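Source file my_file.pdb; content: PDB, C-alpha atoms and all ligand atoms.
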ATOM      1  CA  MET A   1       0.000   0.000   0.000
ATOM      2  CA  LYS A   2       1.342   3.360  -1.069
ATOM      3  CA  SER A   3       1.321   6.053   1.620
ATOM      4  CA  VAL A   4       0.651   9.697   0.853
ATOM      5  CA  VAL A   5       2.112  10.925   4.158
ATOM      6  CA  GLY A   6       4.605  13.682   3.345
ATOM      7  CA  ALA A   7       3.983  13.371  -0.410
ATOM      8  CA  GLY A   8       4.064  16.564  -2.476
ATOM      9  CA  VAL A   9       0.671  16.806  -4.184
ATOM     10  CA  VAL A  10      -0.721  19.283  -6.713
ATOM     11  CA  VAL A  11      -4.481  19.412  -7.320
ATOM     12  CA  THR A  12      -5.750  21.559 -10.197
ATOM     13  CA  GLY A  13      -9.266  22.971 -10.118
ATOM     14  CA  ALA A  14      -9.208  22.488  -6.358
ATOM     15  CA  GLY A  15     -11.173  25.612  -5.527
ATOM     16  CA  SER A  16     -14.404  23.634  -5.435
ATOM     17  CA  GLY A  17     -16.084  20.277  -5.930
ATOM     18  CA  ILE A  18     -14.043  17.123  -6.459
ATOM     19  CA  GLY A  19     -10.692  18.950  -6.499
ATOM     20  CA  ALA A  20     -11.407  20.652  -3.177
ATOM     21  CA  ALA A  21     -12.421  17.314  -1.629
ATOM     22  CA  LEU A  22      -9.256  15.662  -2.976
ATOM     23  CA  ALA A  23      -7.078  18.466  -1.613
ATOM     24  CA  ARG A  24      -8.756  18.282   1.818
ATOM     25  CA  ARG A  25      -8.351  14.516   1.928
ATOM     26  CA  PHE A  26      -4.685  14.588   0.881
ATOM     27  CA  ALA A  27      -4.002  17.255   3.532
ATOM     28  CA  ALA A  28      -5.845  15.256   6.196
ATOM     29  CA  GLU A  29      -3.764  12.183   5.259
ATOM     30  CA  GLY A  30      -0.559  14.168   5.861
ATOM     31  CA  ALA A  31       0.431  15.163   2.338
ATOM     32  CA  ARG A  32       1.844  18.583   1.414
ATOM     33  CA  VAL A  33      -0.737  20.099  -0.909
ATOM     34  CA  VAL A  34      -0.728  22.764  -3.617
ATOM     35  CA  VAL A  35      -4.282  23.997  -4.186
ATOM     36  CA  ASN A  36      -4.705  25.407  -7.679
ATOM     37  CA  ASP A  37      -7.743  27.023  -9.269
ATOM     38  CA  LEU A  38      -8.454  29.587 -11.948
ATOM     39  CA  ASN A  39     -10.632  31.320  -9.379
ATOM     40  CA  ALA A  40      -8.122  32.812  -6.920
ATOM     41  CA  GLU A  41     -10.632  33.413  -4.135
ATOM     42  CA  ALA A  42     -11.931  29.852  -4.369
ATOM     43  CA  ALA A  43      -8.374  28.499  -4.266
ATOM     44  CA  GLN A  44      -7.621  30.576  -1.183
ATOM     45  CA  ARG A  45     -10.801  29.463   0.597
ATOM     46  CA  SER A  46     -10.201  25.834  -0.284
ATOM     47  CA  ALA A  47      -6.570  25.968   0.898
ATOM     48  CA  ALA A  48      -7.750  27.429   4.217
ATOM     49  CA  ALA A  49     -10.268  24.567   4.577
ATOM     50  CA  CYS A  50      -7.519  22.032   3.803
ATOM     51  CA  ALA A  51      -5.243  23.590   6.396
ATOM     52  CA  ALA A  52      -8.047  23.379   8.954
ATOM     53  CA  SER A  53      -8.749  19.711   8.165
ATOM     54  CA  ALA A  54      -5.032  18.932   8.362
ATOM     55  CA  GLY A  55      -4.824  20.267  11.940
ATOM     56  CA  SER A  56      -1.240  20.878  13.060
ATOM     57  CA  ALA A  57       0.058  19.860   9.615
ATOM     58  CA  GLY A  58      -2.013  22.671   8.076
ATOM     59  CA  ARG A  59       1.018  24.790   7.304
ATOM     60  CA  ARG A  60       1.797  22.270   4.589
ATOM     61  CA  VAL A  61      -0.964  23.574   2.308
ATOM     62  CA  ILE A  62      -0.575  26.464  -0.141
ATOM     63  CA  SER A  63      -2.869  28.172  -2.597
ATOM     64  CA  MET A  64      -1.471  28.662  -6.131
ATOM     65  CA  PRO A  65      -4.178  30.243  -8.259
ATOM     66  CA  GLY A  66      -3.827  30.300 -12.025
ATOM     67  CA  ASP A  67      -4.762  28.658 -15.298
ATOM     68  CA  ALA A  68      -3.852  24.961 -15.179
ATOM     69  CA  ALA A  69      -4.612  24.476 -18.893
ATOM     70  CA  SER A  70      -2.573  26.923 -21.016
ATOM     71  CA  ALA A  71       1.073  26.119 -21.734
ATOM     72  CA  ASP A  72       2.265  29.182 -19.798
ATOM     73  CA  GLY A  73      -0.132  28.570 -16.913
ATOM     74  CA  VAL A  74       0.899  24.924 -16.519
ATOM     75  CA  ALA A  75       4.591  25.841 -16.681
ATOM     76  CA  GLU A  76       4.130  28.489 -13.993
ATOM     77  CA  LEU A  77       2.134  26.178 -11.732
ATOM     78  CA  ILE A  78       4.555  23.274 -12.018
ATOM     79  CA  GLY A  79       7.573  25.550 -11.616
ATOM     80  CA  ARG A  80       6.195  27.206  -8.472
ATOM     81  CA  ALA A  81       4.940  23.905  -7.066
ATOM     82  CA  ARG A  82       8.381  22.335  -7.524
ATOM     83  CA  GLU A  83      10.000  25.272  -5.744
ATOM     84  CA  TRP A  84       7.638  24.861  -2.806
ATOM     85  CA  LEU A  85       7.424  21.057  -2.661
ATOM     86  CA  GLY A  86      10.922  20.074  -3.815
ATOM     87  CA  GLU A  87       9.491  17.539  -6.279
ATOM     88  CA  ILE A  88       5.909  16.835  -7.216
ATOM     89  CA  ASP A  89       5.045  13.277  -6.164
ATOM     90  CA  ILE A  90       1.387  13.244  -7.234
ATOM     91  CA  TYR A  91      -0.174  15.553  -9.831
ATOM     92  CA  CYS A  92      -3.969  15.542  -9.941
ATOM     93  CA  ALA A  93      -5.103  16.910 -13.313
ATOM     94  CA  ASN A  94      -8.605  17.587 -12.080
ATOM     95  CA  ALA A  95      -9.763  20.926 -13.536
ATOM     96  CA  GLY A  96     -12.478  20.401 -16.109
ATOM     97  CA  VAL A  97     -15.274  22.129 -17.968
ATOM     98  CA  ALA A  98     -18.613  20.883 -19.285
ATOM     99  CA  ASN A  99     -20.820  22.452 -21.886
ATOM    100  CA  ILE A 100     -24.097  21.334 -23.304
ATOM    101  CA  GLY A 101     -24.703  20.707 -27.004
ATOM    102  CA  GLY A 102     -23.500  18.848 -30.064
ATOM    103  CA  ALA A 103     -21.711  19.788 -33.273
ATOM    104  CA  GLU A 104     -23.387  23.209 -33.122
ATOM    105  CA  VAL A 105     -21.341  24.260 -30.053
ATOM    106  CA  ASP A 106     -19.143  27.090 -31.337
ATOM    107  CA  GLU A 107     -15.395  26.936 -31.883
ATOM    108  CA  ALA A 108     -14.696  28.715 -28.588
ATOM    109  CA  GLY A 109     -16.734  26.114 -26.678
ATOM    110  CA  TRP A 110     -14.987  23.163 -28.335
ATOM    111  CA  ASN A 111     -11.572  24.798 -27.872
ATOM    112  CA  LEU A 112     -12.136  25.418 -24.177
ATOM    113  CA  SER A 113     -13.089  21.763 -23.688
ATOM    114  CA  TRP A 114      -9.965  20.580 -25.518
ATOM    115  CA  GLU A 115      -7.730  22.974 -23.601
ATOM    116  CA  VAL A 116      -8.986  22.230 -20.094
ATOM    117  CA  ASN A 117     -10.090  18.599 -20.401
ATOM    118  CA  VAL A 118      -7.233  17.311 -22.575
ATOM    119  CA  MET A 119      -4.315  19.640 -23.316
ATOM    120  CA  ALA A 120      -3.946  20.545 -19.636
ATOM    121  CA  HIS A 121      -3.028  16.876 -19.038
ATOM    122  CA  VAL A 122      -0.684  16.713 -22.038
ATOM    123  CA  ARG A 123       1.107  19.915 -21.018
ATOM    124  CA  ALA A 124       1.484  18.772 -17.425
ATOM    125  CA  ALA A 125       2.862  15.378 -18.497
ATOM    126  CA  ARG A 126       5.350  17.098 -20.800
ATOM    127  CA  LEU A 127       6.872  18.918 -17.819
ATOM    128  CA  LEU A 128       6.493  16.201 -15.203
ATOM    129  CA  LEU A 129       7.810  13.160 -17.044
ATOM    130  CA  ASP A 130      11.539  13.829 -17.409
ATOM    131  CA  PRO A 131      12.247  14.368 -13.696
ATOM    132  CA  TRP A 132       9.921  11.475 -12.797
ATOM    133  CA  LEU A 133      11.658   9.116 -15.242
ATOM    134  CA  GLU A 134      15.031  10.223 -13.913
ATOM    135  CA  ARG A 135      14.107   9.331 -10.346
ATOM    136  CA  GLY A 136      12.084   6.265 -11.393
ATOM    137  CA  GLU A 137       8.887   7.449  -9.708
ATOM    138  CA  GLY A 138       5.920   9.686 -10.452
ATOM    139  CA  HIS A 139       2.145   9.613 -10.165
ATOM    140  CA  LEU A 140      -0.473  11.278 -12.358
ATOM    141  CA  ILE A 141      -4.139  11.131 -11.418
ATOM    142  CA  SER A 142      -6.504  12.387 -14.127
ATOM    143  CA  THR A 143     -10.057  13.282 -13.267
ATOM    144  CA  VAL A 144     -11.776  11.959 -16.360
ATOM    145  CA  SER A 145     -15.452  10.906 -16.036
ATOM    146  CA  ALA A 146     -17.677   7.949 -16.795
ATOM    147  CA  ALA A 147     -18.306   9.977 -19.971
ATOM    148  CA  GLY A 148     -14.759   9.023 -21.000
ATOM    149  CA  LEU A 149     -15.659   5.317 -20.832
ATOM    150  CA  LEU A 150     -19.242   5.620 -22.066
ATOM    151  CA  SER A 151     -20.652   8.955 -23.284
ATOM    152  CA  MET A 152     -22.620  11.863 -21.933
ATOM    153  CA  ILE A 153     -26.065  12.326 -23.367
ATOM    154  CA  GLY A 154     -26.507  15.972 -24.360
ATOM    155  CA  SER A 155     -22.831  16.982 -24.473
ATOM    156  CA  ALA A 156     -20.628  16.118 -27.423
ATOM    157  CA  PRO A 157     -17.621  18.294 -26.401
ATOM    158  CA  TYR A 158     -17.585  16.722 -22.939
ATOM    159  CA  SER A 159     -17.932  13.144 -24.255
ATOM    160  CA  VAL A 160     -15.276  13.595 -26.918
ATOM    161  CA  THR A 161     -12.704  15.361 -24.751
ATOM    162  CA  LYS A 162     -13.176  12.989 -21.799
ATOM    163  CA  HIS A 163     -12.590  10.034 -24.165
ATOM    164  CA  ALA A 164      -9.417  11.805 -25.274
ATOM    165  CA  ALA A 165      -8.326  12.407 -21.670
ATOM    166  CA  LEU A 166      -8.831   8.707 -20.919
ATOM    167  CA  ALA A 167      -6.914   7.722 -24.066
ATOM    168  CA  PHE A 168      -4.014   9.949 -23.038
ATOM    169  CA  ALA A 169      -3.944   8.505 -19.512
ATOM    170  CA  GLU A 170      -4.008   4.961 -20.954
ATOM    171  CA  TRP A 171      -1.221   5.809 -23.360
ATOM    172  CA  LEU A 172       0.964   7.193 -20.574
ATOM    173  CA  SER A 173       0.308   4.142 -18.437
ATOM    174  CA  LEU A 174       1.088   1.578 -21.120
ATOM    175  CA  THR A 175       4.230   3.460 -22.169
ATOM    176  CA  TYR A 176       5.808   4.238 -18.796
ATOM    177  CA  ARG A 177       4.473   1.815 -16.184
ATOM    178  CA  HIS A 178       7.694  -0.268 -16.175
ATOM    179  CA  GLN A 179       9.648   2.925 -15.387
ATOM    180  CA  GLY A 180       7.931   3.692 -12.104
ATOM    181  CA  ILE A 181       5.229   5.961 -13.478
ATOM    182  CA  THR A 182       1.737   5.374 -12.075
ATOM    183  CA  VAL A 183      -1.210   6.779 -13.990
ATOM    184  CA  GLN A 184      -4.784   6.538 -12.758
ATOM    185  CA  ALA A 185      -8.067   7.783 -14.214
ATOM    186  CA  ILE A 186     -11.012   8.724 -11.995
ATOM    187  CA  CYS A 187     -14.273   8.030 -13.843
ATOM    188  CA  PRO A 188     -17.304   8.978 -11.756
ATOM    189  CA  GLN A 189     -20.860   9.496 -12.926
ATOM    190  CA  GLY A 190     -22.752  12.331 -11.218
ATOM    191  CA  VAL A 191     -21.056  14.107  -8.317
ATOM    192  CA  ARG A 192     -22.782  16.875  -6.332
ATOM    193  CA  THR A 193     -20.706  19.864  -7.396
ATOM    194  CA  ALA A 194     -21.231  23.192  -9.146
ATOM    195  CA  MET A 195     -20.648  21.421 -12.468
ATOM    196  CA  LEU A 196     -23.622  19.118 -11.961
ATOM    197  CA  ASP A 197     -25.763  21.959 -10.621
ATOM    198  CA  ASP A 198     -24.978  24.020 -13.737
ATOM    199  CA  LEU A 199     -26.070  21.280 -16.165
ATOM    200  CA  ASN A 200     -29.532  21.455 -17.695
ATOM    201  CA  GLN A 201     -32.562  19.508 -16.553
ATOM    202  CA  VAL A 202     -31.569  16.496 -18.662
ATOM    203  CA  GLY A 203     -28.211  16.320 -16.892
ATOM    204  CA  GLU A 204     -29.933  16.407 -13.523
ATOM    205  CA  GLN A 205     -32.475  13.745 -14.604
ATOM    206  CA  LEU A 206     -29.717  11.455 -15.821
ATOM    207  CA  LEU A 207     -27.093  11.942 -13.148
ATOM    208  CA  GLY A 208     -28.950  13.386 -10.170
ATOM    209  CA  PRO A 209     -30.498  10.213  -8.725
ATOM    210  CA  SER A 210     -27.182   8.365  -8.390
ATOM    211  CA  ALA A 211     -25.060  11.439  -7.644
ATOM    212  CA  ILE A 212     -22.530  11.064  -4.844
ATOM    213  CA  GLN A 213     -20.714  13.624  -2.707
ATOM    214  CA  PRO A 214     -17.194  14.803  -3.683
ATOM    215  CA  GLU A 215     -15.877  13.252  -0.444
ATOM    216  CA  ALA A 216     -16.939   9.824  -1.740
ATOM    217  CA  VAL A 217     -14.771  10.415  -4.819
ATOM    218  CA  ALA A 218     -11.827  11.309  -2.560
ATOM    219  CA  GLU A 219     -12.447   8.100  -0.605
ATOM    220  CA  ALA A 220     -12.391   6.045  -3.833
ATOM    221  CA  VAL A 221      -9.169   7.790  -4.865
ATOM    222  CA  MET A 222      -7.464   6.856  -1.584
ATOM    223  CA  ALA A 223      -8.516   3.208  -2.118
ATOM    224  CA  GLY A 224      -7.274   3.432  -5.711
ATOM    225  CA  ILE A 225      -3.898   4.825  -4.645
ATOM    226  CA  ALA A 226      -3.593   2.000  -2.130
ATOM    227  CA  ASP A 227      -4.052  -0.735  -4.740
ATOM    228  CA  GLY A 228      -2.701   1.064  -7.809
ATOM    229  CA  ARG A 229      -5.510   0.131 -10.240
ATOM    230  CA  PHE A 230      -5.722   2.246 -13.406
ATOM    231  CA  LEU A 231      -9.467   2.893 -13.354
ATOM    232  CA  ILE A 232     -10.896   4.468 -10.220
ATOM    233  CA  LEU A 233     -14.671   3.998 -10.313
ATOM    234  CA  PRO A 234     -16.475   5.809  -7.489
ATOM    235  CA  HIS A 235     -19.691   4.397  -9.025
ATOM    236  CA  PRO A 236     -18.753   0.688  -9.283
ATOM    237  CA  GLU A 237     -21.712  -0.036 -11.597
ATOM    238  CA  VAL A 238     -19.870   1.862 -14.360
ATOM    239  CA  ALA A 239     -17.617  -1.209 -14.813
ATOM    240  CA  GLY A 240     -20.592  -3.288 -16.000
ATOM    241  CA  MET A 241     -21.782  -0.530 -18.349
ATOM    242  CA  TYR A 242     -18.293  -0.275 -19.856
ATOM    243  CA  GLU A 243     -18.224  -4.048 -20.392
ATOM    244  CA  ARG A 244     -21.637  -4.054 -22.042
ATOM    245  CA  ARG A 245     -20.628  -1.205 -24.363
ATOM    246  CA  ALA A 246     -17.514  -3.117 -25.465
ATOM    247  CA  ALA A 247     -19.287  -6.481 -25.790
ATOM    248  CA  ASN A 248     -22.069  -5.240 -28.053
ATOM    249  CA  PRO A 249     -21.709  -1.647 -29.307
ATOM    250  CA  ASP A 250     -24.900  -1.677 -31.382
ATOM    251  CA  ARG A 251     -27.008  -2.933 -28.536
ATOM    252  CA  TRP A 252     -25.469  -0.333 -26.233
ATOM    253  CA  LEU A 253     -26.041   2.488 -28.761
ATOM    254  CA  GLY A 254     -29.635   1.324 -29.252
ATOM    255  CA  GLY A 255     -30.230   1.458 -25.503
ATOM    256  CA  MET A 256     -28.667   4.907 -25.212
ATOM    257  CA  ASN A 257     -30.746   6.161 -28.148
ATOM    258  CA  LYS A 258     -33.895   4.861 -26.478
ATOM    259  CA  LEU A 259     -32.934   6.850 -23.379
ATOM    260  CA  VAL A 260     -32.321   9.990 -25.479
ATOM    261  CA  ARG A 261     -35.767   9.612 -27.085
ATOM    262  CA  SER A 262     -37.511   9.115 -23.760
ATOM    263  CA  LEU A 263     -35.798  12.216 -22.313
ATOM    264  CA  GLN A 264     -36.806  14.211 -25.401
ATOM    265  CA  ALA A 265     -40.393  13.002 -25.108
ATOM    266  CA  GLU A 266     -40.492  14.028 -21.438
ATOM    267  CA  ALA A 267     -39.082  17.464 -22.256
ATOM    268  CA  ASP A 268     -41.675  18.093 -25.059
TER     269      ASP A 268
HETATM  270  N1  LIG B 301     -19.551  16.773 -11.072
HETATM  271  C1  LIG B 301     -19.672  15.676 -11.792
HETATM  272  O1  LIG B 301     -20.779  15.112 -11.903
HETATM  273  C2  LIG B 301     -18.463  15.072 -12.464
HETATM  274  C3  LIG B 301     -18.550  13.750 -12.921
HETATM  275  C4  LIG B 301     -17.451  13.178 -13.545
HETATM  276  C5  LIG B 301     -16.287  13.910 -13.709
HETATM  277  N2  LIG B 301     -16.225  15.194 -13.265
HETATM  278  C6  LIG B 301     -14.972  15.913 -13.473
HETATM  279  O2  LIG B 301     -14.459  16.313 -12.214
HETATM  280  C7  LIG B 301     -13.577  17.430 -12.386
HETATM  281  C8  LIG B 301     -13.916  18.476 -11.345
HETATM  282  O3  LIG B 301     -15.225  18.957 -11.600
HETATM  283  P1  LIG B 301     -16.262  19.316 -10.442
HETATM  284  O4  LIG B 301     -17.455  18.474 -10.655
HETATM  285  O5  LIG B 301     -15.579  19.307  -9.127
HETATM  286  O6  LIG B 301     -16.695  20.785 -10.896
HETATM  287  P2  LIG B 301     -16.472  22.216 -10.237
HETATM  288  O7  LIG B 301     -17.035  23.145 -11.247
HETATM  289  O8  LIG B 301     -16.974  22.239  -8.845
HETATM  290  O9  LIG B 301     -14.881  22.349 -10.174
HETATM  291  C9  LIG B 301     -14.092  22.585 -11.282
HETATM  292  C10 LIG B 301     -13.055  23.624 -10.866
HETATM  293  O10 LIG B 301     -12.100  23.731 -11.936
HETATM  294  C11 LIG B 301     -11.740  25.095 -12.021
HETATM  295  N3  LIG B 301     -11.141  25.343 -13.341
HETATM  296  C12 LIG B 301     -11.759  25.390 -14.541
HETATM  297  N4  LIG B 301     -10.869  25.645 -15.508
HETATM  298  C13 LIG B 301      -9.668  25.763 -14.897
HETATM  299  C14 LIG B 301      -8.356  26.032 -15.364
HETATM  300  N5  LIG B 301      -8.114  26.257 -16.660
HETATM  301  N6  LIG B 301      -7.346  26.067 -14.462
HETATM  302  C15 LIG B 301      -7.579  25.873 -13.144
HETATM  303  N7  LIG B 301      -8.805  25.630 -12.648
HETATM  304  C16 LIG B 301      -9.828  25.578 -13.519
HETATM  305  C17 LIG B 301     -13.025  25.860 -11.776
HETATM  306  O11 LIG B 301     -12.775  27.204 -11.395
HETATM  307  C18 LIG B 301     -13.660  25.019 -10.664
HETATM  308  O12 LIG B 301     -13.327  25.503  -9.369
HETATM  309  C19 LIG B 301     -13.760  17.879 -13.834
HETATM  310  O13 LIG B 301     -12.689  17.398 -14.613
HETATM  311  C20 LIG B 301     -15.057  17.213 -14.241
HETATM  312  O14 LIG B 301     -15.150  17.012 -15.617
HETATM  313  C21 LIG B 301     -17.284  15.786 -12.643
END

Would you write the structure of this file as structure tokens?
Ligand SMILES: NC(=O)c1ccc[n+]([C@@H]2O[C@H](COP(=O)([O-])OP(=O)(O)OC[C@H]3O[C@@H](n4cnc5c(N)ncnc54)[C@H](O)[C@@H]3O)[C@@H](O)[C@H]2O)c1
Amino acid sequence: MKSVVGAGVVVTGAGSGIGAALARRFAAEGARVVVNDLNAEAAQRSAAACAASAGSAGRRVISMPGDAASADGVAELIGRAREWLGEIDIYCANAGVANIGGAEVDEAGWNLSWEVNVMAHVRAARLLLDPWLERGEGHLISTVSAAGLLSMIGSAPYSVTKHAALAFAEWLSLTYRHQGITVQAICPQGVRTAMLDDLNQVGEQLLGPSAIQPEAVAEAVMAGIADGRFLILPHPEVAGMYERRAANPDRWLGGMNKLVRSLQAEAD
């Protein structure tokens, strides 16, 4: 079992929701935590909450606001985090965005999804890998989504970019696992955060009933770190859905289409 006590951890998008819960949990477990968010006030508030939950070890939490997606933003975050932590042991690429719609979503909407949900992970890996390979150890945890294994009804940019984020995490894992690099992908369904609250009624209908609290995701992540599995599934039933999709794609697509039609009929 891998311990996080004393580990240097960076969590992006940790000003709220899943990232904030991860940061609090890492701090409570005794890690040294860098709390990043685009929203500086949220990052500050979340870092203060982490420090409080870490008790006497609270001084080992710092807020580092900024953009964790752009090339410059990622370079600044990783540079400053390295200065403060020494080396980054665990990097949680958690920041994400969701927007509703299909092909008609405009270029800016698609670009934002690519930048935050995918390129943020690529840019972080680019800077993290060399030092990790040199010391034979490093750990990347990507917050993907069940949408990366399945799909998300009503959001093409989210489905597509979360599939890409999962593909990138898989690629890193299969390429570097023999060199001490651990890569894990968190793939929850609905989680009670601002992101879920901001989705439309269809999102709430689909994900609301089985939604879990962000703390439950953090709990699943701790169990995942302990056993090292690639896929961290805070909703265990997602494993069966993923299997059924792979075993019979047409049947799965037919079932999903039926669900889309019933949601449309309800909305009309
Ligand atoms: N809530 C869900 O139902 C759910 C389900 C599966 C996966 N996820 C994923 O979990 C992750 C966290 O989402 P959440 O549900 O906690 O939502 P959230 O909106 O509460 O948190 C996301 C945070 O990311 C920050 N952020 C956005 N862009 C950023 C950037 N470029 N740099 C730094 N910070 C940035 C936001 O300011 C926000 O505080 C996302 O990747 C999301 O796709 C969420």

Could I get the residues of chain A with an atom no further than 6 Å from an atom of ligand LIG 301 (chain B), each paired with its nearest atom pair and that distance in Å to one decimal, using all atoms listed in the file, sorted by chain and residue number, as JSON lines?
{"residue": "A:Thr12", "atom": "CA", "partner": "B:LIG301", "partner_atom": "C15", "distance": 5.5}
{"residue": "A:Gly13", "atom": "CA", "partner": "B:LIG301", "partner_atom": "O10", "distance": 3.5}
{"residue": "A:Ala14", "atom": "CA", "partner": "B:LIG301", "partner_atom": "O12", "distance": 5.9}
{"residue": "A:Gly15", "atom": "CA", "partner": "B:LIG301", "partner_atom": "O12", "distance": 4.4}
{"residue": "A:Ser16", "atom": "CA", "partner": "B:LIG301", "partner_atom": "O12", "distance": 4.5}
{"residue": "A:Gly17", "atom": "CA", "partner": "B:LIG301", "partner_atom": "O5", "distance": 3.4}
{"residue": "A:Ile18", "atom": "CA", "partner": "B:LIG301", "partner_atom": "O5", "distance": 3.8}
{"residue": "A:Gly19", "atom": "CA", "partner": "B:LIG301", "partner_atom": "O5", "distance": 5.6}
{"residue": "A:Asp37", "atom": "CA", "partner": "B:LIG301", "partner_atom": "N7", "distance": 3.8}
{"residue": "A:Leu38", "atom": "CA", "partner": "B:LIG301", "partner_atom": "C15", "distance": 4.0}
{"residue": "A:Asn39", "atom": "CA", "partner": "B:LIG301", "partner_atom": "O11", "distance": 5.1}
{"residue": "A:Gly66", "atom": "CA", "partner": "B:LIG301", "partner_atom": "C15", "distance": 5.9}
{"residue": "A:Asp67", "atom": "CA", "partner": "B:LIG301", "partner_atom": "N6", "distance": 3.8}
{"residue": "A:Ala68", "atom": "CA", "partner": "B:LIG301", "partner_atom": "N6", "distance": 3.7}
{"residue": "A:Ala69", "atom": "CA", "partner": "B:LIG301", "partner_atom": "N5", "distance": 4.5}
{"residue": "A:Asn94", "atom": "CA", "partner": "B:LIG301", "partner_atom": "O13", "distance": 4.8}
{"residue": "A:Ala95", "atom": "CA", "partner": "B:LIG301", "partner_atom": "O10", "distance": 4.0}
{"residue": "A:Gly96", "atom": "CA", "partner": "B:LIG301", "partner_atom": "O13", "distance": 3.4}
{"residue": "A:Val97", "atom": "CA", "partner": "B:LIG301", "partner_atom": "O14", "distance": 5.6}
{"residue": "A:Val116", "atom": "CA", "partner": "B:LIG301", "partner_atom": "N5", "distance": 5.4}
{"residue": "A:Thr143", "atom": "CA", "partner": "B:LIG301", "partner_atom": "O13", "distance": 5.1}
{"residue": "A:Val144", "atom": "CA", "partner": "B:LIG301", "partner_atom": "C5", "distance": 5.6}
{"residue": "A:Ser145", "atom": "CA", "partner": "B:LIG301", "partner_atom": "C5", "distance": 3.9}
{"residue": "A:Pro188", "atom": "CA", "partner": "B:LIG301", "partner_atom": "C4", "distance": 4.6}
{"residue": "A:Gln189", "atom": "CA", "partner": "B:LIG301", "partner_atom": "C3", "distance": 4.8}
{"residue": "A:Gly190", "atom": "CA", "partner": "B:LIG301", "partner_atom": "O1", "distance": 3.5}
{"residue": "A:Val191", "atom": "CA", "partner": "B:LIG301", "partner_atom": "O1", "distance": 3.7}
{"residue": "A:Arg192", "atom": "CA", "partner": "B:LIG301", "partner_atom": "N1", "distance": 5.7}
{"residue": "A:Thr193", "atom": "CA", "partner": "B:LIG301", "partner_atom": "O8", "distance": 4.7}
{"residue": "A:Ala194", "atom": "CA", "partner": "B:LIG301", "partner_atom": "O8", "distance": 4.4}
{"residue": "A:Met195", "atom": "CA", "partner": "B:LIG301", "partner_atom": "O7", "distance": 4.2}
{"residue": "A:Leu196", "atom": "CA", "partner": "B:LIG301", "partner_atom": "N1", "distance": 4.8}

Ref. answer, residues at most 12 Å from (-1.1, 24.9, -13.6) with only C-alpha atoms, as a ChimeraX atom specification: /A:10-14,34-38,63-82,91-95,116,119-125,127-128

9 Å contact set for A:Ile100, all atoms listed in the file, chain neighbours under 3 positions out, as a list in words: Val105, Gly154, Ser155, Ala156, Pro157, Tyr158, Leu199 and Asn200 of chain A

Go ahead and write the residues just picked, C-alpha atoms, as a PDB file, in the coordinates of the input.
ATOM      1  CA  VAL A 105     -21.341  24.260 -30.053  1.00  0.00           C
ATOM      2  CA  GLY A 154     -26.507  15.972 -24.360  1.00  0.00           C
ATOM      3  CA  SER A 155     -22.831  16.982 -24.473  1.00  0.00           C
ATOM      4  CA  ALA A 156     -20.628  16.118 -27.423  1.00  0.00           C
ATOM      5  CA  PRO A 157     -17.621  18.294 -26.401  1.00  0.00           C
ATOM      6  CA  TYR A 158     -17.585  16.722 -22.939  1.00  0.00           C
ATOM      7  CA  LEU A 199     -26.070  21.280 -16.165  1.00  0.00           C
ATOM      8  CA  ASN A 200     -29.532  21.455 -17.695  1.00  0.00           C
TER       9      ASN A 200
END

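The set of residues that the PyMOL selection byres (((chain A and resi 3) around 10) and not hetatm) takes from this file is Met1, Lys2, Val4, Val5, Gly6, Ala7, Glu29, Gly30, Ala31, Met222, Ile225 and Ala226 of chain A.
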
Local residues around (8.2, 6.0, -14.7), at most 8 Å away, using all atoms listed in the file, as a PyMOL selection string: chain A and resi 129+132-133+136-138+176-182

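One distance worth recording is that between atom CA of A:Ala98 and atom CA of A:Arg25, which is 24.4 Å.
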
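Nearest residue to A:Asp227 among A:Pro209, A:Thr175, A:Thr161, A:Gln184 is A:Gln184, counting only C-alpha atoms.
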
Computed interatomic separation between atom CA of A:Ala267 and atom CA of A:Gln205 (Å): 10.8 Å

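Pairwise distance (atom CA of A:Val33, atom CA of A:Ala146) equals 26.2 Å.
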
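Matched in the shown structure by the PyMOL selection byres (((chain A and resi 160) around 10) and not hetatm): Trp110, Ser113, Trp114, Asn117, Val118, Ala147, Gly148, Ser151, Met152, Ser155, Ala156, Pro157, Tyr158, Ser159, Thr161, Lys162, His163, Ala164 and Ala165 of chain A.
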
Selection result for the PyMOL selection byres (((chain A and resi 258-260) around 12) and not hetatm) on this file, as a list in words: Ser151, Met152, Ile153, Gly154, Ser155, Val202, Gly203, Gln205, Leu206, Arg251, Trp252, Leu253, Gly254, Gly255, Met256, Asn257, Arg261, Ser262, Leu263, Gln264, Ala265, Glu266 and Ala267 of chain A

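Distances to A:Ala47 were evaluated for A:Ala28, A:Leu149, A:Ala20, A:Ile232 using all atoms listed in the file, and the minimum falls at A:Ala20.
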